[in-house]
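Read through the structure below, which is laid out as structure tokens, and then see the notes.
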Amino acid sequence: MAGHEQHYIMPRAEFDKPVKLAIVMSPYYKDIADNMLAGAAAEIEAASGTYEVIEVPGALEIPTAIAITDARSNFDGFVALGCVIRGETTHYDTVCNDSSRAIQLLGLQGLCIGNGILTVENRKQAEVRADPKDQNKGGGAAAAALHLIALTRKWGAQTKGVGFKAPSEAIKLASAENGSTTA
């Protein structure tokens with residue numbers, strides 16, 4: 001069974017300053033969400049981090065809640081937890097694709113998000129993936145967020161020589177480096 005293949009798990013991220021995460025979750029399938037929350041919380045605590053849980057009605061609301069929380073708080077990162085089980089309509093595809101796409105877009109804007117929204121065919125698959133003693137996808141999502149936070153902290157002080165700069169920013173940076181006052 002593909003679900004039990006061996007895969008590499010990166011060593012836990014380490015921090016010299018504490019990390020604070022928001023776990024944004026949908027308890028639509030409460031037992032599954034609770035198991036994922038247990039796995040995520042254990043991973044965050046193992047990295048000496050703290051967290052706050054924010055609940056929203058469904059998977060589609062998770063990215064919006066992350067964006068709202070980011071704009072009005074001081075979290076280092078986010079863990080998105082939820083579960084979408086295939087039903088009889090195409091609503092499943094919409095929820096899976098749109099929630100994933102929105103989380104990806106937030107990540108590309110610089111937010112550190114571990115995506116733990118399960119997209120499964122049936123309840124049994126969700127139970128196995130959510131179980132902290134089995135696949136522990138909640139813990140995996142928290143670990144992903146922690147690794148992104150570590151990467152952000154590592155490169156956060158970098159101000160030149162990496163990445164694209166908007167033309168006006170590049171001119172200001174070049175002027176400052178050359179001692180020029182014209183821009």
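By convention in this document, the chains of the structure tokens carry letters A, B, ... by their order, each chain's residues are numbered from 1, and ligands are numbered from 1 in the order they are shown.
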Close residues, range 24-39 of chain A itself excluded, 10 Å, only C-alpha atoms, min 5 positions apart in chain, as JSON, numbers by chain: {"A": [44, 52, 53, 54, 55, 56, 57, 58, 59, 60, 61, 62, 63, 64, 65, 66, 69, 78, 79, 80, 81, 82, 83, 84, 85, 116, 117, 118, 123, 126, 127, 128, 129, 130, 131, 132, 133, 135, 136, 137, 138, 139, 140, 141, 142, 143]}
Using only C-alpha atoms, what table do you get, as a tab-separated table, when you list each residue of range 93-156 of chain A with an atom no more than 12 Å from range 72-75 of chain A, its nearest pair of atoms, and their distance in Å rounded to one decimal, rows by chain then rising number?
residue	atom	partner	partner_atom	distance
A:Leu111	CA	A:Phe75	CA	9.8
A:Cys112	CA	A:Phe75	CA	9.6
A:Ile113	CA	A:Phe75	CA	10.9
A:Ala145	CA	A:Phe75	CA	11.4
A:Leu146	CA	A:Phe75	CA	11.7
A:Ile149	CA	A:Phe75	CA	10.2
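You can rank A:Arg12, A:Gln125, A:Ala67, A:Ser48 by their closest distance to Ile103 in chain A using only C-alpha atoms, and at the top of that list sits A:Ala67.
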If you count only C-alpha atoms, which residues fall within 12 Å of Phe15 in chain A, apart from same-chain ones fewer than 3 positions away, as a PDB file with N, CA, C and O atoms, in the first residue's frame?
ATOM      1  N   ARG A  12      14.163  17.799  13.088  1.00  0.00           N
ATOM      2  CA  ARG A  12      13.319  18.876  13.603  1.00  0.00           C
ATOM      3  C   ARG A  12      14.069  20.206  13.522  1.00  0.00           C
ATOM      4  O   ARG A  12      15.254  20.305  13.836  1.00  0.00           O
ATOM      5  N   PRO A  18      12.196  31.795  20.657  1.00  0.00           N
ATOM      6  CA  PRO A  18      10.924  31.048  20.606  1.00  0.00           C
ATOM      7  C   PRO A  18      10.108  31.349  19.349  1.00  0.00           C
ATOM      8  O   PRO A  18      10.208  32.434  18.781  1.00  0.00           O
ATOM      9  N   VAL A  19       9.316  30.367  18.941  1.00  0.00           N
ATOM     10  CA  VAL A  19       8.414  30.535  17.801  1.00  0.00           C
ATOM     11  C   VAL A  19       6.973  30.449  18.290  1.00  0.00           C
ATOM     12  O   VAL A  19       6.662  29.741  19.238  1.00  0.00           O
ATOM     13  N   LYS A  20       6.117  31.207  17.609  1.00  0.00           N
ATOM     14  CA  LYS A  20       4.692  31.229  17.943  1.00  0.00           C
ATOM     15  C   LYS A  20       3.907  30.989  16.662  1.00  0.00           C
ATOM     16  O   LYS A  20       4.082  31.727  15.685  1.00  0.00           O
ATOM     17  N   ILE A  44       4.998  21.155  17.585  1.00  0.00           N
ATOM     18  CA  ILE A  44       5.339  22.535  17.958  1.00  0.00           C
ATOM     19  C   ILE A  44       5.971  22.561  19.344  1.00  0.00           C
ATOM     20  O   ILE A  44       6.992  23.221  19.566  1.00  0.00           O
ATOM     21  N   ALA A  46       7.539  20.156  20.827  1.00  0.00           N
ATOM     22  CA  ALA A  46       8.855  19.514  20.776  1.00  0.00           C
ATOM     23  C   ALA A  46       9.932  20.481  20.285  1.00  0.00           C
ATOM     24  O   ALA A  46      11.108  20.316  20.597  1.00  0.00           O
ATOM     25  N   ALA A  47       9.521  21.499  19.528  1.00  0.00           N
ATOM     26  CA  ALA A  47      10.453  22.526  19.057  1.00  0.00           C
ATOM     27  C   ALA A  47      10.457  23.727  20.003  1.00  0.00           C
ATOM     28  O   ALA A  47      10.973  24.791  19.651  1.00  0.00           O
ATOM     29  N   SER A  48       9.893  23.551  21.200  1.00  0.00           N
ATOM     30  CA  SER A  48       9.798  24.608  22.212  1.00  0.00           C
ATOM     31  C   SER A  48       9.007  25.817  21.733  1.00  0.00           C
ATOM     32  O   SER A  48       9.265  26.945  22.160  1.00  0.00           O
ATOM     33  N   GLY A  49       8.056  25.579  20.860  1.00  0.00           N
ATOM     34  CA  GLY A  49       7.215  26.650  20.367  1.00  0.00           C
ATOM     35  C   GLY A  49       5.897  26.722  21.109  1.00  0.00           C
ATOM     36  O   GLY A  49       5.561  25.842  21.903  1.00  0.00           O
ATOM     37  N   ASP A  76       4.658  33.768  13.924  1.00  0.00           N
ATOM     38  CA  ASP A  76       5.779  33.478  13.034  1.00  0.00           C
ATOM     39  C   ASP A  76       5.337  32.619  11.860  1.00  0.00           C
ATOM     40  O   ASP A  76       5.960  32.650  10.797  1.00  0.00           O
ATOM     41  N   LEU A 146       7.389  24.944  10.728  1.00  0.00           N
ATOM     42  CA  LEU A 146       8.593  25.228  11.518  1.00  0.00           C
ATOM     43  C   LEU A 146       9.832  25.325  10.638  1.00  0.00           C
ATOM     44  O   LEU A 146      10.688  26.199  10.852  1.00  0.00           O
ATOM     45  N   HIS A 147       9.939  24.465   9.642  1.00  0.00           N
ATOM     46  CA  HIS A 147      11.094  24.537   8.731  1.00  0.00           C
ATOM     47  C   HIS A 147      11.073  25.829   7.920  1.00  0.00           C
ATOM     48  O   HIS A 147      12.130  26.438   7.685  1.00  0.00           O
ATOM     49  N   LEU A 148       9.890  26.260   7.497  1.00  0.00           N
ATOM     50  CA  LEU A 148       9.806  27.522   6.759  1.00  0.00           C
ATOM     51  C   LEU A 148      10.143  28.714   7.652  1.00  0.00           C
ATOM     52  O   LEU A 148      10.787  29.663   7.202  1.00  0.00           O
ATOM     53  N   ILE A 149       9.731  28.662   8.901  1.00  0.00           N
ATOM     54  CA  ILE A 149      10.088  29.728   9.853  1.00  0.00           C
ATOM     55  C   ILE A 149      11.606  29.767  10.034  1.00  0.00           C
ATOM     56  O   ILE A 149      12.222  30.839  10.020  1.00  0.00           O
ATOM     57  N   ALA A 150      12.218  28.600  10.179  1.00  0.00           N
ATOM     58  CA  ALA A 150      13.680  28.536  10.334  1.00  0.00           C
ATOM     59  C   ALA A 150      14.380  29.119   9.103  1.00  0.00           C
ATOM     60  O   ALA A 150      15.361  29.863   9.231  1.00  0.00           O
ATOM     61  N   LEU A 151      13.871  28.798   7.926  1.00  0.00           N
ATOM     62  CA  LEU A 151      14.450  29.331   6.692  1.00  0.00           C
ATOM     63  C   LEU A 151      14.289  30.850   6.632  1.00  0.00           C
ATOM     64  O   LEU A 151      15.224  31.573   6.287  1.00  0.00           O
ATOM     65  N   THR A 152      13.128  31.339   7.001  1.00  0.00           N
ATOM     66  CA  THR A 152      12.880  32.780   7.020  1.00  0.00           C
ATOM     67  C   THR A 152      13.821  33.476   7.997  1.00  0.00           C
ATOM     68  O   THR A 152      14.381  34.529   7.691  1.00  0.00           O
ATOM     69  N   ARG A 153      14.000  32.891   9.161  1.00  0.00           N
ATOM     70  CA  ARG A 153      14.904  33.505  10.143  1.00  0.00           C
ATOM     71  C   ARG A 153      16.351  33.461   9.664  1.00  0.00           C
ATOM     72  O   ARG A 153      17.114  34.400   9.898  1.00  0.00           O
ATOM     73  N   LYS A 154      16.726  32.404   8.986  1.00  0.00           N
ATOM     74  CA  LYS A 154      18.100  32.287   8.483  1.00  0.00           C
ATOM     75  C   LYS A 154      18.389  33.367   7.448  1.00  0.00           C
ATOM     76  O   LYS A 154      19.444  33.983   7.472  1.00  0.00           O
TER      77      LYS A 154
END
Run DSSP on the backbone of this structure and report the residues of range 35-154 of chain A it assigns to alpha helix (DSSP H), as a ChimeraX atom specification. /A:35-46,61-71,91-108,123-130,137-154
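For chain A, a DSSP pass over the backbone yields strand (DSSP E or B) at Lys20, Leu21, Ala22, Ile23, Val24, Met25, Thr50, Tyr51, Glu52, Val53, Ile54, Glu55, Gly77, Phe78, Val79, Ala80, Leu81, Gly82, Cys83, Val84, Ile85, Ile113, Gly114, Asn115, Gly116, Ile117, Leu118, Thr119 and Val120 of chain A.
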Could you check the closest approach to Pro11 in chain A for each of A:Ala144, A:Ala40, A:Val120, A:Ile23 and tell me which residue wins, using only C-alpha atoms? A:Ala144
In Å, rounded to a single decimal, give me how far CA of Gly107 in chain A is from CA of Tyr51 in chain A.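 Computed distance, CA of Tyr51 in chain A to CA of Gly107 in chain A, equals 18.9 Å.
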